[in-house]
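Next up, model-v9.cif (mmCIF, C-alpha atoms, pLDDT in the B column; chains and numbers go by the auth columns):
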data_data
loop_
_atom_site.group_PDB
_atom_site.id
_atom_site.type_symbol
_atom_site.label_atom_id
_atom_site.label_comp_id
_atom_site.label_asym_id
_atom_site.label_seq_id
_atom_site.Cartn_x
_atom_site.Cartn_y
_atom_site.Cartn_z
_atom_site.B_iso_or_equiv
_atom_site.auth_seq_id
_atom_site.auth_asym_id
ATOM 1 C CA MET A 1 131.038 27.160 206.727 64.00 1 A
ATOM 2 C CA LEU A 2 131.008 30.802 205.606 61.00 2 A
ATOM 3 C CA PRO A 3 130.151 33.584 207.993 70.00 3 A
ATOM 4 C CA LEU A 4 126.594 34.880 207.753 67.00 4 A
ATOM 5 C CA TYR A 5 127.443 38.201 206.069 66.00 5 A
ATOM 6 C CA ARG A 6 129.351 36.284 203.340 66.00 6 A
ATOM 7 C CA GLN A 7 126.464 33.890 202.810 67.00 7 A
ATOM 8 C CA LYS A 8 124.101 36.856 202.316 70.00 8 A
ATOM 9 C CA PHE A 9 126.573 38.413 199.849 67.00 9 A
ATOM 10 C CA VAL A 10 126.893 35.178 197.808 66.00 10 A
ATOM 11 C CA PHE A 11 123.107 34.712 197.845 68.00 11 A
ATOM 12 C CA THR A 12 122.568 38.319 196.640 78.00 12 A
ATOM 13 C CA LEU A 13 125.228 37.873 193.956 69.00 13 A
ATOM 14 C CA LYS A 14 123.540 34.677 192.692 73.00 14 A
ATOM 15 C CA ILE A 15 120.154 36.415 192.479 78.00 15 A
ATOM 16 C CA TYR A 16 121.705 39.370 190.627 76.00 16 A
ATOM 17 C CA CYS A 17 123.404 37.019 188.124 71.00 17 A
ATOM 18 C CA MET A 18 120.175 35.081 187.540 76.00 18 A
ATOM 19 C CA LYS A 19 118.273 38.330 186.854 80.00 19 A
ATOM 20 C CA LEU A 20 121.026 39.458 184.472 77.00 20 A
ATOM 21 C CA VAL A 21 120.924 36.152 182.571 72.00 21 A
ATOM 22 C CA LYS A 22 117.102 36.252 182.432 80.00 22 A
ATOM 23 C CA THR A 23 117.182 39.816 181.026 81.00 23 A
ATOM 24 C CA PHE A 24 119.820 38.884 178.458 75.00 24 A
ATOM 25 C CA LEU A 25 117.846 35.815 177.326 75.00 25 A
ATOM 26 C CA SER A 26 114.628 37.863 177.052 79.00 26 A
ATOM 27 C CA ILE A 27 116.378 40.417 174.823 82.00 27 A
ATOM 28 C CA ALA A 28 117.958 37.661 172.704 76.00 28 A
ATOM 29 C CA VAL A 29 114.607 35.874 172.211 76.00 29 A
ATOM 30 C CA ALA A 30 112.880 39.171 171.293 74.00 30 A
ATOM 31 C CA PHE A 31 115.641 39.935 168.763 76.00 31 A
ATOM 32 C CA VAL A 32 115.385 36.487 167.154 75.00 32 A
ATOM 33 C CA CYS A 33 111.576 36.731 166.948 65.00 33 A
ATOM 34 C CA ALA A 34 111.746 40.210 165.382 69.00 34 A
ATOM 35 C CA SER A 35 114.358 39.039 162.858 69.00 35 A
ATOM 36 C CA CYS A 36 112.252 36.033 161.856 63.00 36 A
ATOM 37 C CA PHE A 37 109.128 38.164 161.472 64.00 37 A
ATOM 38 C CA TYR A 38 110.936 40.753 159.333 62.00 38 A
ATOM 39 C CA SER A 39 112.586 38.168 157.077 59.00 39 A
ATOM 40 C CA CYS A 40 109.286 36.355 156.448 55.00 40 A
ATOM 41 C CA GLN A 41 107.607 39.428 154.994 53.00 41 A
ATOM 42 C CA SER A 42 107.521 39.416 151.159 44.00 42 A
ATOM 43 C CA ASP A 43 105.542 40.881 148.306 43.00 43 A
ATOM 44 C CA ASP A 44 103.494 39.043 145.720 44.00 44 A
ATOM 45 C CA ASN A 45 106.167 39.141 143.017 45.00 45 A
ATOM 46 C CA GLY A 46 109.139 38.251 145.210 46.00 46 A
ATOM 47 C CA GLU A 47 110.819 41.660 144.827 50.00 47 A
ATOM 48 C CA GLU A 48 110.590 43.461 148.145 63.00 48 A
ATOM 49 C CA GLY A 49 108.672 46.689 147.720 72.00 49 A
ATOM 50 C CA SER A 50 108.167 46.390 143.949 80.00 50 A
ATOM 51 C CA LYS A 51 104.640 45.961 142.668 89.00 51 A
ATOM 52 C CA VAL A 52 103.597 44.975 139.142 89.00 52 A
ATOM 53 C CA THR A 53 100.980 47.521 138.063 90.00 53 A
ATOM 54 C CA SER A 54 100.301 46.114 134.582 91.00 54 A
ATOM 55 C CA THR A 55 101.549 43.542 132.119 93.00 55 A
ATOM 56 C CA GLU A 56 100.720 43.126 128.441 94.00 56 A
ATOM 57 C CA ASP A 57 101.966 40.998 125.547 95.00 57 A
ATOM 58 C CA TYR A 58 101.775 42.402 122.020 95.00 58 A
ATOM 59 C CA ILE A 59 103.385 42.285 118.584 96.00 59 A
ATOM 60 C CA LEU A 60 105.736 44.974 117.269 96.00 60 A
ATOM 61 C CA THR A 61 107.299 45.595 113.882 96.00 61 A
ATOM 62 C CA VAL A 62 110.921 46.732 114.281 97.00 62 A
ATOM 63 C CA ALA A 63 112.343 48.771 111.360 97.00 63 A
ATOM 64 C CA SER A 64 115.329 47.657 109.317 96.00 64 A
ATOM 65 C CA HIS A 65 117.545 50.486 110.556 95.00 65 A
ATOM 66 C CA LYS A 66 117.763 52.715 113.614 95.00 66 A
ATOM 67 C CA VAL A 67 116.765 56.364 113.543 95.00 67 A
ATOM 68 C CA GLU A 68 118.513 59.216 115.348 94.00 68 A
ATOM 69 C CA GLY A 69 116.366 60.608 118.116 92.00 69 A
ATOM 70 C CA VAL A 70 116.111 61.930 121.642 91.00 70 A
ATOM 71 C CA TRP A 71 115.591 59.405 124.405 88.00 71 A
ATOM 72 C CA ALA A 72 114.337 60.709 127.738 81.00 72 A
ATOM 73 C CA PRO A 73 114.613 57.996 130.384 79.00 73 A
ATOM 74 C CA VAL A 74 112.334 58.327 133.417 70.00 74 A
ATOM 75 C CA GLY A 75 114.140 60.511 135.938 70.00 75 A
ATOM 76 C CA GLY A 76 117.149 61.019 133.640 76.00 76 A
ATOM 77 C CA ASN A 77 118.343 63.661 131.249 83.00 77 A
ATOM 78 C CA PRO A 78 117.335 63.396 127.576 85.00 78 A
ATOM 79 C CA PHE A 79 120.137 62.427 125.200 88.00 79 A
ATOM 80 C CA LEU A 80 120.682 61.821 121.482 91.00 80 A
ATOM 81 C CA ALA A 81 120.866 58.171 120.477 93.00 81 A
ATOM 82 C CA GLU A 82 120.262 55.761 117.629 95.00 82 A
ATOM 83 C CA LEU A 83 116.788 54.420 118.457 95.00 83 A
ATOM 84 C CA LEU A 84 114.757 51.479 117.257 96.00 84 A
ATOM 85 C CA ALA A 85 111.776 52.520 115.154 96.00 85 A
ATOM 86 C CA VAL A 86 108.792 50.361 116.125 96.00 86 A
ATOM 87 C CA LYS A 87 105.072 50.190 115.489 96.00 87 A
ATOM 88 C CA LYS A 88 102.356 48.081 117.072 93.00 88 A
ATOM 89 C CA ASP A 89 100.283 45.725 114.955 90.00 89 A
ATOM 90 C CA GLY A 90 97.621 47.689 113.108 88.00 90 A
ATOM 91 C CA SER A 91 99.413 51.042 113.492 90.00 91 A
ATOM 92 C CA THR A 92 100.997 53.050 110.677 92.00 92 A
ATOM 93 C CA GLU A 93 102.998 55.396 112.930 94.00 93 A
ATOM 94 C CA TRP A 94 106.617 54.587 113.810 96.00 94 A
ATOM 95 C CA LYS A 95 107.591 55.358 117.405 95.00 95 A
ATOM 96 C CA PRO A 96 111.030 55.482 119.081 95.00 96 A
ATOM 97 C CA LEU A 97 112.217 52.791 121.457 93.00 97 A
ATOM 98 C CA TYR A 98 115.606 52.607 123.165 93.00 98 A
ATOM 99 C CA SER A 99 115.806 48.839 123.664 92.00 99 A
ATOM 100 C CA ILE A 100 114.035 45.547 124.179 94.00 100 A
ATOM 101 C CA SER A 101 115.632 43.245 126.733 94.00 101 A
ATOM 102 C CA GLY A 102 116.954 40.049 125.121 95.00 102 A
ATOM 103 C CA PHE A 103 116.495 41.296 121.531 95.00 103 A
ATOM 104 C CA ASN A 104 119.535 40.916 119.230 95.00 104 A
ATOM 105 C CA TYR A 105 118.972 43.536 116.537 95.00 105 A
ATOM 106 C CA GLU A 106 120.722 43.355 113.152 95.00 106 A
ATOM 107 C CA VAL A 107 120.653 46.308 110.759 95.00 107 A
ATOM 108 C CA GLY A 108 119.022 45.557 107.395 96.00 108 A
ATOM 109 C CA TYR A 109 116.324 43.251 108.743 97.00 109 A
ATOM 110 C CA GLU A 110 112.737 44.147 109.545 96.00 110 A
ATOM 111 C CA TYR A 111 111.391 42.116 112.455 97.00 111 A
ATOM 112 C CA ARG A 112 108.011 41.136 113.783 97.00 112 A
ATOM 113 C CA VAL A 113 108.419 40.312 117.457 97.00 113 A
ATOM 114 C CA ARG A 114 106.177 39.403 120.362 97.00 114 A
ATOM 115 C CA ILE A 115 107.129 41.309 123.499 97.00 115 A
ATOM 116 C CA ASN A 116 106.018 41.560 127.099 96.00 116 A
ATOM 117 C CA GLU A 117 105.618 45.019 128.605 94.00 117 A
ATOM 118 C CA THR A 118 105.575 45.054 132.417 93.00 118 A
ATOM 119 C CA SER A 119 105.116 48.221 134.479 90.00 119 A
ATOM 120 C CA TYR A 120 106.363 48.415 138.066 89.00 120 A
ATOM 121 C CA LEU A 121 105.862 50.720 141.035 88.00 121 A
ATOM 122 C CA ASP A 122 108.170 51.096 144.043 85.00 122 A
ATOM 123 C CA TYR A 123 108.039 54.290 146.109 81.00 123 A
ATOM 124 C CA ARG A 124 111.343 53.475 147.829 80.00 124 A
ATOM 125 C CA MET A 125 113.231 54.150 144.587 72.00 125 A
ATOM 126 C CA GLY A 126 114.243 57.511 143.146 67.00 126 A
ATOM 127 C CA ASP A 127 112.086 56.797 140.090 68.00 127 A
ATOM 128 C CA PRO A 128 109.113 54.988 141.570 74.00 128 A
ATOM 129 C CA ALA A 129 107.548 53.864 138.268 82.00 129 A
ATOM 130 C CA TRP A 130 109.223 52.155 135.338 83.00 130 A
ATOM 131 C CA THR A 131 108.465 49.828 132.442 88.00 131 A
ATOM 132 C CA GLU A 132 110.455 46.872 131.157 91.00 132 A
ATOM 133 C CA LEU A 133 110.139 45.386 127.667 94.00 133 A
ATOM 134 C CA LYS A 134 111.266 41.792 127.133 96.00 134 A
ATOM 135 C CA ILE A 135 111.381 39.762 123.945 96.00 135 A
ATOM 136 C CA LEU A 136 109.179 36.684 124.001 96.00 136 A
ATOM 137 C CA GLU A 137 109.535 35.515 120.396 96.00 137 A
ATOM 138 C CA VAL A 138 110.920 36.598 117.022 96.00 138 A
ATOM 139 C CA ILE A 139 107.995 35.899 114.695 96.00 139 A
ATOM 140 C CA SER A 140 109.782 36.898 111.487 96.00 140 A
ATOM 141 C CA LYS A 141 113.091 38.360 110.346 96.00 141 A
ATOM 142 C CA GLU A 142 113.061 39.624 106.757 96.00 142 A
ATOM 143 C CA ARG A 143 115.883 41.371 104.876 96.00 143 A
ATOM 144 C CA LYS A 144 114.213 44.505 103.500 95.00 144 A
ATOM 145 C CA GLU A 145 114.133 48.285 103.677 95.00 145 A
ATOM 146 C CA SER A 146 111.383 49.496 106.030 94.00 146 A
ATOM 147 C CA GLU A 147 109.010 52.039 104.519 93.00 147 A
ATOM 148 C CA GLY A 148 107.599 55.259 105.913 93.00 148 A
ATOM 149 C CA LEU A 149 110.315 55.834 108.527 94.00 149 A
ATOM 150 C CA PRO A 150 110.683 59.385 109.857 93.00 150 A
ATOM 151 C CA GLU A 151 113.939 61.276 109.262 91.00 151 A
ATOM 152 C CA ASN A 152 114.478 61.421 112.999 91.00 152 A
ATOM 153 C CA PHE A 153 112.794 61.306 116.381 90.00 153 A
ATOM 154 C CA ILE A 154 114.132 64.701 117.508 88.00 154 A
ATOM 155 C CA PRO A 155 111.311 66.861 118.926 87.00 155 A
ATOM 156 C CA GLU A 156 111.124 70.620 118.336 85.00 156 A
ATOM 157 C CA TRP A 157 111.762 71.428 122.019 82.00 157 A
ATOM 158 C CA TYR A 158 115.125 69.647 121.798 80.00 158 A
ATOM 159 C CA LYS A 159 116.062 71.537 118.616 77.00 159 A
ATOM 160 C CA GLU A 160 115.255 74.812 120.420 78.00 160 A
ATOM 161 C CA LEU A 161 117.544 73.833 123.305 73.00 161 A
ATOM 162 C CA ASP A 162 120.321 73.104 120.842 65.00 162 A
ATOM 163 C CA LYS A 163 120.046 76.638 119.359 67.00 163 A
ATOM 164 C CA LYS A 164 120.517 78.333 122.766 61.00 164 A
#

Could I get this structure in the form of C-alpha cells?
Amino acid sequence: MLPLYRQKFVFTLKIYCMKLVKTFLSIAVAFVCASCFYSCQSDDNGEEGSKVTSTEDYILTVASHKVEGVWAPVGGNPFLAELLAVKKDGSTEWKPLYSISGFNYEVGYEYRVRINETSYLDYRMGDPAWTELKILEVISKERKESEGLPENFIPEWYKELDKK
C-alpha cells in the first residue's frame, strides 16, 4: 500500500485529469455544434449571400452583325468592343449588349431569341449588384441584313475622352 501523502497526490492528479478531459470534451462538443449550425445556414437560391432581386423572360431581336461600341461593365472600366445590337419585341431602337450566356452568334444572321434576365444582389462582393442574361430558345435564325442599325454605340463622353 502507498503512503498517505502519495495516495493524496494520486487522488489529486486523477481529479485534475478528469477536469481537464471534461473541459476538453466541452470545448470539442461546442465546436462541433457551432460548425453544424454554421454549415446548415443557406439562402433561398442556394448561393450563400446572393439574392435574386428580379427575373424576367422576354424576346430579343439580335442584329445580323456586331457594332463597335463602348461597353462599361459594372465596377469596371469602359472599353471599346464589338457589341451585339439588340432590340426588345415592339421596340424600334437598337441597344448594345456585350453577350448572352449560351448564345452562339454567327455573323450574317438575324435572330429572334427568348432570354432570361436575372438580377442579383450580394453586398459581400465588390460589385454588389449584377445581371445575367441566358439564352432560353432560338426562335428564328434568318440570313439577312438587319435594318436601321446605328453606325456605332460610342457615346459623346467617350469621344471627348479620346480627344484629350

* To do: Skip region 114-127 of chain A itself and residues of its chain fewer than 4 positions away, then list as a PyMOL selection string all residues within 10 Å of it, counting all atoms listed in the file.
  => chain A and resi 47-61+74-76+100-101+103+131-140

Centre and edges of the region 81-86 of chain A box, axis-aligned, 3 Å extra per side, as AutoDock Vina command-line options:
--center_x 114.8 --center_y 54.3 --center_z 117.8 --size_x 18.1 --size_y 13.8 --size_z 11.3

* To do: May I have the residues within 9 Å of Thr92 (chain A) as an MDAnalysis selection string, using all atoms listed in the file and disregarding those fewer than 4 positions away in the same chain?
  => chainID A and resid 87:88 148

Excluding Ile154 (chain A) and residues on its chain fewer than 6 positions from it, collect all residues at most 12 Å away from it, counting only C-alpha atoms, and give them as a PDB file with C-alpha atoms, keeping the file's coordinate frame.
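What follows is the written file out.pdb:
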ATOM      1  CA  VAL A  67     116.765  56.364 113.543  1.00 95.00           C
ATOM      2  CA  GLU A  68     118.513  59.216 115.348  1.00 94.00           C
ATOM      3  CA  GLY A  69     116.366  60.608 118.116  1.00 92.00           C
ATOM      4  CA  VAL A  70     116.111  61.930 121.642  1.00 91.00           C
ATOM      5  CA  TRP A  71     115.591  59.405 124.405  1.00 88.00           C
ATOM      6  CA  ALA A  72     114.337  60.709 127.738  1.00 81.00           C
ATOM      7  CA  PRO A  78     117.335  63.396 127.576  1.00 85.00           C
ATOM      8  CA  PHE A  79     120.137  62.427 125.200  1.00 88.00           C
ATOM      9  CA  LEU A  80     120.682  61.821 121.482  1.00 91.00           C
ATOM     10  CA  ALA A  81     120.866  58.171 120.477  1.00 93.00           C
ATOM     11  CA  GLU A  82     120.262  55.761 117.629  1.00 95.00           C
ATOM     12  CA  LEU A  83     116.788  54.420 118.457  1.00 95.00           C
ATOM     13  CA  LYS A  95     107.591  55.358 117.405  1.00 95.00           C
ATOM     14  CA  PRO A  96     111.030  55.482 119.081  1.00 95.00           C
ATOM     15  CA  GLU A 160     115.255  74.812 120.420  1.00 78.00           C
ATOM     16  CA  LEU A 161     117.544  73.833 123.305  1.00 73.00           C
ATOM     17  CA  ASP A 162     120.321  73.104 120.842  1.00 65.00           C
TER      18      ASP A 162
END

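Counting from CA of Gly102 (chain A), the distance to CA of Glu151 (chain A) is 26.7 Å.
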
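The closest residue to His65 (chain A), picked from A:Glu93, A:Glu156, A:Glu142, A:Glu110 and counting only C-alpha atoms, is A:Glu110.
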
* **Residues matched by the PyMOL selection byres ((chain A and resi 149) around 8), written as a list in words** =>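 Applying the expression gives Ala63, Ala85, Trp94, Ser146, Glu147, Gly148, Pro150 and Glu151 of chain A.
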
Could you save those same residues with C-alpha atoms as a PDB file, in the coordinates of the input?
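That gives us again_25.pdb:
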ATOM      1  CA  ALA A  63     112.343  48.771 111.360  1.00 97.00           C
ATOM      2  CA  ALA A  85     111.776  52.520 115.154  1.00 96.00           C
ATOM      3  CA  TRP A  94     106.617  54.587 113.810  1.00 96.00           C
ATOM      4  CA  SER A 146     111.383  49.496 106.030  1.00 94.00           C
ATOM      5  CA  GLU A 147     109.010  52.039 104.519  1.00 93.00           C
ATOM      6  CA  GLY A 148     107.599  55.259 105.913  1.00 93.00           C
ATOM      7  CA  PRO A 150     110.683  59.385 109.857  1.00 93.00           C
ATOM      8  CA  GLU A 151     113.939  61.276 109.262  1.00 91.00           C
TER       9      GLU A 151
END

* Two-atom distance - CA of Val62 (chain A), CA of Asn152 (chain A) (Å) ->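 Calculated distance between CA of Val62 (chain A) and CA of Asn152 (chain A) is 15.2 Å.
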
* Minimum-distance residue to Tyr105 (chain A), chosen among A:Val29, A:Ala129, A:Leu20, A:Lys141 (using only C-alpha atoms) ->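 Using only C-alpha atoms, Tyr105 (chain A) sits closest to A:Lys141.
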
Just save region 85-98 of chain A with all heavy atoms, as a PDB file, in the first residue's frame.
ATOM      1  N   ALA A  85     -26.043  44.120 -81.358  1.00  0.00           N
ATOM      2  CA  ALA A  85     -27.102  45.124 -81.420  1.00  0.00           C
ATOM      3  C   ALA A  85     -28.406  44.364 -81.216  1.00  0.00           C
ATOM      4  O   ALA A  85     -28.699  43.420 -81.957  1.00  0.00           O
ATOM      5  CB  ALA A  85     -27.082  45.842 -82.756  1.00  0.00           C
ATOM      6  N   VAL A  86     -29.172  44.750 -80.197  1.00  0.00           N
ATOM      7  CA  VAL A  86     -30.405  44.032 -79.867  1.00  0.00           C
ATOM      8  C   VAL A  86     -31.548  45.010 -79.674  1.00  0.00           C
ATOM      9  O   VAL A  86     -31.343  46.188 -79.384  1.00  0.00           O
ATOM     10  CB  VAL A  86     -30.238  43.182 -78.581  1.00  0.00           C
ATOM     11  CG1 VAL A  86     -29.136  42.163 -78.737  1.00  0.00           C
ATOM     12  CG2 VAL A  86     -30.001  44.052 -77.363  1.00  0.00           C
ATOM     13  N   LYS A  87     -32.767  44.498 -79.875  1.00  0.00           N
ATOM     14  CA  LYS A  87     -33.950  45.294 -79.529  1.00  0.00           C
ATOM     15  C   LYS A  87     -35.022  44.348 -79.018  1.00  0.00           C
ATOM     16  O   LYS A  87     -35.160  43.214 -79.484  1.00  0.00           O
ATOM     17  CB  LYS A  87     -34.438  46.143 -80.692  1.00  0.00           C
ATOM     18  CG  LYS A  87     -34.831  45.405 -81.930  1.00  0.00           C
ATOM     19  CD  LYS A  87     -35.243  46.396 -83.010  1.00  0.00           C
ATOM     20  CE  LYS A  87     -35.514  45.686 -84.320  1.00  0.00           C
ATOM     21  NZ  LYS A  87     -35.917  46.605 -85.373  1.00  0.00           N
ATOM     22  N   LYS A  88     -35.758  44.830 -78.013  1.00  0.00           N
ATOM     23  CA  LYS A  88     -36.862  44.053 -77.453  1.00  0.00           C
ATOM     24  C   LYS A  88     -38.022  44.049 -78.432  1.00  0.00           C
ATOM     25  O   LYS A  88     -38.148  44.953 -79.268  1.00  0.00           O
ATOM     26  CB  LYS A  88     -37.330  44.651 -76.119  1.00  0.00           C
ATOM     27  CG  LYS A  88     -36.451  44.317 -74.954  1.00  0.00           C
ATOM     28  CD  LYS A  88     -37.095  44.776 -73.662  1.00  0.00           C
ATOM     29  CE  LYS A  88     -36.295  44.313 -72.466  1.00  0.00           C
ATOM     30  NZ  LYS A  88     -36.918  44.698 -71.193  1.00  0.00           N
ATOM     31  N   ASP A  89     -38.868  43.026 -78.305  1.00  0.00           N
ATOM     32  CA  ASP A  89     -40.077  42.962 -79.125  1.00  0.00           C
ATOM     33  C   ASP A  89     -40.876  44.244 -78.978  1.00  0.00           C
ATOM     34  O   ASP A  89     -41.084  44.725 -77.861  1.00  0.00           O
ATOM     35  CB  ASP A  89     -40.937  41.758 -78.700  1.00  0.00           C
ATOM     36  CG  ASP A  89     -40.869  40.626 -79.700  1.00  0.00           C
ATOM     37  OD1 ASP A  89     -40.060  40.703 -80.645  1.00  0.00           O
ATOM     38  OD2 ASP A  89     -41.640  39.669 -79.545  1.00  0.00           O
ATOM     39  N   GLY A  90     -41.299  44.805 -80.097  1.00  0.00           N
ATOM     40  CA  GLY A  90     -42.112  46.014 -80.075  1.00  0.00           C
ATOM     41  C   GLY A  90     -41.297  47.298 -80.099  1.00  0.00           C
ATOM     42  O   GLY A  90     -41.840  48.375 -80.273  1.00  0.00           O
ATOM     43  N   SER A  91     -39.985  47.219 -79.925  1.00  0.00           N
ATOM     44  CA  SER A  91     -39.136  48.405 -79.929  1.00  0.00           C
ATOM     45  C   SER A  91     -38.520  48.607 -81.308  1.00  0.00           C
ATOM     46  O   SER A  91     -38.309  47.655 -82.057  1.00  0.00           O
ATOM     47  CB  SER A  91     -38.019  48.248 -78.891  1.00  0.00           C
ATOM     48  OG  SER A  91     -37.134  49.346 -78.951  1.00  0.00           O
ATOM     49  N   THR A  92     -38.212  49.861 -81.641  1.00  0.00           N
ATOM     50  CA  THR A  92     -37.542  50.154 -82.907  1.00  0.00           C
ATOM     51  C   THR A  92     -36.093  50.568 -82.677  1.00  0.00           C
ATOM     52  O   THR A  92     -35.337  50.717 -83.628  1.00  0.00           O
ATOM     53  CB  THR A  92     -38.277  51.285 -83.655  1.00  0.00           C
ATOM     54  OG1 THR A  92     -38.319  52.441 -82.809  1.00  0.00           O
ATOM     55  CG2 THR A  92     -39.685  50.860 -84.035  1.00  0.00           C
ATOM     56  N   GLU A  93     -35.702  50.742 -81.419  1.00  0.00           N
ATOM     57  CA  GLU A  93     -34.365  51.240 -81.086  1.00  0.00           C
ATOM     58  C   GLU A  93     -33.409  50.085 -80.776  1.00  0.00           C
ATOM     59  O   GLU A  93     -33.682  49.241 -79.923  1.00  0.00           O
ATOM     60  CB  GLU A  93     -34.452  52.170 -79.871  1.00  0.00           C
ATOM     61  CG  GLU A  93     -33.137  52.780 -79.490  1.00  0.00           C
ATOM     62  CD  GLU A  93     -33.233  53.655 -78.241  1.00  0.00           C
ATOM     63  OE1 GLU A  93     -34.341  53.868 -77.738  1.00  0.00           O
ATOM     64  OE2 GLU A  93     -32.174  54.090 -77.782  1.00  0.00           O
ATOM     65  N   TRP A  94     -32.285  50.060 -81.485  1.00  0.00           N
ATOM     66  CA  TRP A  94     -31.235  49.072 -81.232  1.00  0.00           C
ATOM     67  C   TRP A  94     -30.435  49.509 -80.021  1.00  0.00           C
ATOM     68  O   TRP A  94     -30.108  50.681 -79.862  1.00  0.00           O
ATOM     69  CB  TRP A  94     -30.311  48.938 -82.436  1.00  0.00           C
ATOM     70  CG  TRP A  94     -30.965  48.338 -83.644  1.00  0.00           C
ATOM     71  CD1 TRP A  94     -31.466  49.015 -84.718  1.00  0.00           C
ATOM     72  CD2 TRP A  94     -31.184  46.949 -83.896  1.00  0.00           C
ATOM     73  NE1 TRP A  94     -31.991  48.130 -85.622  1.00  0.00           N
ATOM     74  CE2 TRP A  94     -31.830  46.852 -85.152  1.00  0.00           C
ATOM     75  CE3 TRP A  94     -30.909  45.775 -83.199  1.00  0.00           C
ATOM     76  CZ2 TRP A  94     -32.193  45.640 -85.717  1.00  0.00           C
ATOM     77  CZ3 TRP A  94     -31.268  44.572 -83.763  1.00  0.00           C
ATOM     78  CH2 TRP A  94     -31.904  44.504 -84.999  1.00  0.00           C
ATOM     79  N   LYS A  95     -30.101  48.565 -79.163  1.00  0.00           N
ATOM     80  CA  LYS A  95     -29.299  48.850 -77.966  1.00  0.00           C
ATOM     81  C   LYS A  95     -28.101  47.903 -77.941  1.00  0.00           C
ATOM     82  O   LYS A  95     -28.169  46.784 -78.453  1.00  0.00           O
ATOM     83  CB  LYS A  95     -30.134  48.662 -76.708  1.00  0.00           C
ATOM     84  CG  LYS A  95     -31.269  49.652 -76.637  1.00  0.00           C
ATOM     85  CD  LYS A  95     -31.935  49.651 -75.305  1.00  0.00           C
ATOM     86  CE  LYS A  95     -33.002  50.726 -75.341  1.00  0.00           C
ATOM     87  NZ  LYS A  95     -33.378  51.187 -74.052  1.00  0.00           N
ATOM     88  N   PRO A  96     -27.002  48.329 -77.295  1.00  0.00           N
ATOM     89  CA  PRO A  96     -25.803  47.474 -77.232  1.00  0.00           C
ATOM     90  C   PRO A  96     -25.914  46.413 -76.140  1.00  0.00           C
ATOM     91  O   PRO A  96     -26.528  46.643 -75.101  1.00  0.00           O
ATOM     92  CB  PRO A  96     -24.683  48.463 -76.907  1.00  0.00           C
ATOM     93  CG  PRO A  96     -25.364  49.545 -76.124  1.00  0.00           C
ATOM     94  CD  PRO A  96     -26.747  49.645 -76.705  1.00  0.00           C
ATOM     95  N   LEU A  97     -25.309  45.274 -76.418  1.00  0.00           N
ATOM     96  CA  LEU A  97     -25.260  44.188 -75.443  1.00  0.00           C
ATOM     97  C   LEU A  97     -23.958  43.438 -75.654  1.00  0.00           C
ATOM     98  O   LEU A  97     -23.612  43.095 -76.782  1.00  0.00           O
ATOM     99  CB  LEU A  97     -26.462  43.263 -75.613  1.00  0.00           C
ATOM    100  CG  LEU A  97     -26.661  42.187 -74.568  1.00  0.00           C
ATOM    101  CD1 LEU A  97     -26.850  42.802 -73.183  1.00  0.00           C
ATOM    102  CD2 LEU A  97     -27.874  41.339 -74.918  1.00  0.00           C
ATOM    103  N   TYR A  98     -23.232  43.195 -74.569  1.00  0.00           N
ATOM    104  CA  TYR A  98     -21.921  42.541 -74.687  1.00  0.00           C
ATOM    105  C   TYR A  98     -22.054  41.056 -75.001  1.00  0.00           C
ATOM    106  O   TYR A  98     -21.378  40.547 -75.887  1.00  0.00           O
ATOM    107  CB  TYR A  98     -21.109  42.760 -73.408  1.00  0.00           C
ATOM    108  CG  TYR A  98     -19.682  42.296 -73.525  1.00  0.00           C
ATOM    109  CD1 TYR A  98     -18.790  42.975 -74.342  1.00  0.00           C
ATOM    110  CD2 TYR A  98     -19.240  41.180 -72.831  1.00  0.00           C
ATOM    111  CE1 TYR A  98     -17.483  42.547 -74.470  1.00  0.00           C
ATOM    112  CE2 TYR A  98     -17.936  40.746 -72.958  1.00  0.00           C
ATOM    113  CZ  TYR A  98     -17.063  41.435 -73.772  1.00  0.00           C
ATOM    114  OH  TYR A  98     -15.766  41.002 -73.919  1.00  0.00           O
TER     115      TYR A  98
END
